[in-house]
Amino acid sequence: METDRRLRPEDVVELNPNFHLRWEEPQQAHVLLYPEGIVKLNETAATIIERCTDGRSIAAIAAELSYVFAGANLGKDVLKFLEVAHAKGWVRVKS
């Protein structure tokens with residue numbers, strides 16, 4: 001897993017196959033399930049992770065979310081979150 005380099009806006013990231021994103025009704029939240037446990041995501045994190053499933057670049061994900069949230073400039077925030085998710089192994093750069 002290549003987690004030592006910084007992500008770039010043109011990178012396409014995908015959910016690491018060791019993790020599974022799903023809605024947990026008892027917790028009323030999206031979670032990432034993995035063999036050793038579970039990570040409860042807040043709504044913002046889940047919104048970003050959900051968009052890492054269809055082959056779009058980080059810049060494209062940020063642009064869509066900026067549109068959805070009334071033109072807010074979210075590029076840096078999306079990139080920063082995905083860098084943390086990448087470092088934790090939740091997402092990986094798609095090869």
# chains A, B, ... in the order shown; residues from 1 in each chain; ligands from 1

$ residues_around --residues "Lys76 in chain A" --least-positions-apart "2" --cutoff "12 Å" --atoms "only C-alpha atoms" --output "PyMOL selection string"
chain A and resi 7-9+58-59+61-63+65-66+72-74+78-83

$ write_last_selection --atoms "C-alpha atoms" --output "mmCIF file, in the first residue's frame"
data_model
loop_
_atom_site.group_PDB
_atom_site.id
_atom_site.type_symbol
_atom_site.label_atom_id
_atom_site.label_comp_id
_atom_site.auth_asym_id
_atom_site.auth_seq_id
_atom_site.Cartn_x
_atom_site.Cartn_y
_atom_site.Cartn_z
ATOM 1 C CA LEU A 7 -2.261 12.840 -2.636
ATOM 2 C CA ARG A 8 -2.773 15.209 -5.553
ATOM 3 C CA PRO A 9 -6.067 16.619 -6.863
ATOM 4 C CA ILE A 58 -10.207 14.024 -6.085
ATOM 5 C CA ALA A 59 -10.659 17.322 -7.944
ATOM 6 C CA ILE A 61 -15.214 14.840 -6.227
ATOM 7 C CA ALA A 62 -14.448 18.234 -4.683
ATOM 8 C CA ALA A 63 -16.079 20.036 -7.622
ATOM 9 C CA LEU A 65 -19.433 18.590 -3.533
ATOM 10 C CA SER A 66 -18.785 22.303 -4.052
ATOM 11 C CA ALA A 72 -18.462 26.416 -1.295
ATOM 12 C CA ASN A 73 -14.793 25.958 -2.198
ATOM 13 C CA LEU A 74 -14.163 22.483 -0.774
ATOM 14 C CA VAL A 78 -11.712 17.174 0.508
ATOM 15 C CA LEU A 79 -8.038 16.673 -0.284
ATOM 16 C CA LYS A 80 -7.067 17.006 3.393
ATOM 17 C CA PHE A 81 -9.699 14.459 4.476
ATOM 18 C CA LEU A 82 -8.663 11.999 1.779
ATOM 19 C CA GLU A 83 -5.004 12.365 2.799
#

$ residues_around --residues "Ala45 in chain A" --least-positions-apart "4" --cutoff "10 Å" --atoms "only C-alpha atoms" --output "list in words"
His30, Val31, Lys40, Leu41, Ile49, Glu50, Val78, Phe81, Leu82 and Ala85 of chain A

$ write_last_selection --atoms "C-alpha atoms" --output "PDB file, in the first residue's frame"
ATOM      1  CA  HIS A  30     -22.287   5.107   7.948  1.00  0.00           C
ATOM      2  CA  VAL A  31     -19.441   2.877   9.027  1.00  0.00           C
ATOM      3  CA  LYS A  40     -18.028   5.160  12.575  1.00  0.00           C
ATOM      4  CA  LEU A  41     -18.042   7.999  10.032  1.00  0.00           C
ATOM      5  CA  ILE A  49     -15.974   8.200   0.857  1.00  0.00           C
ATOM      6  CA  GLU A  50     -19.157   7.332  -1.077  1.00  0.00           C
ATOM      7  CA  VAL A  78     -11.712  17.174   0.508  1.00  0.00           C
ATOM      8  CA  PHE A  81      -9.699  14.459   4.476  1.00  0.00           C
ATOM      9  CA  LEU A  82      -8.663  11.999   1.779  1.00  0.00           C
ATOM     10  CA  ALA A  85      -8.144   8.452   4.982  1.00  0.00           C
TER      11      ALA A  85
END

$ closest_residue --among "A:Phe19, A:Val68, A:Arg5, A:Ala29" --to "Gly89 in chain A" --atoms "only C-alpha atoms"
A:Phe19

$ closest_residue --among "A:Phe69, A:Ala87, A:Asp77, A:Asn16" --to "Cys52 in chain A" --atoms "only C-alpha atoms"
A:Asn16

$ closest_residue --among "A:Val13, A:Glu43, A:Arg6, A:Asp54" --to "Val91 in chain A" --atoms "only C-alpha atoms"
A:Val13
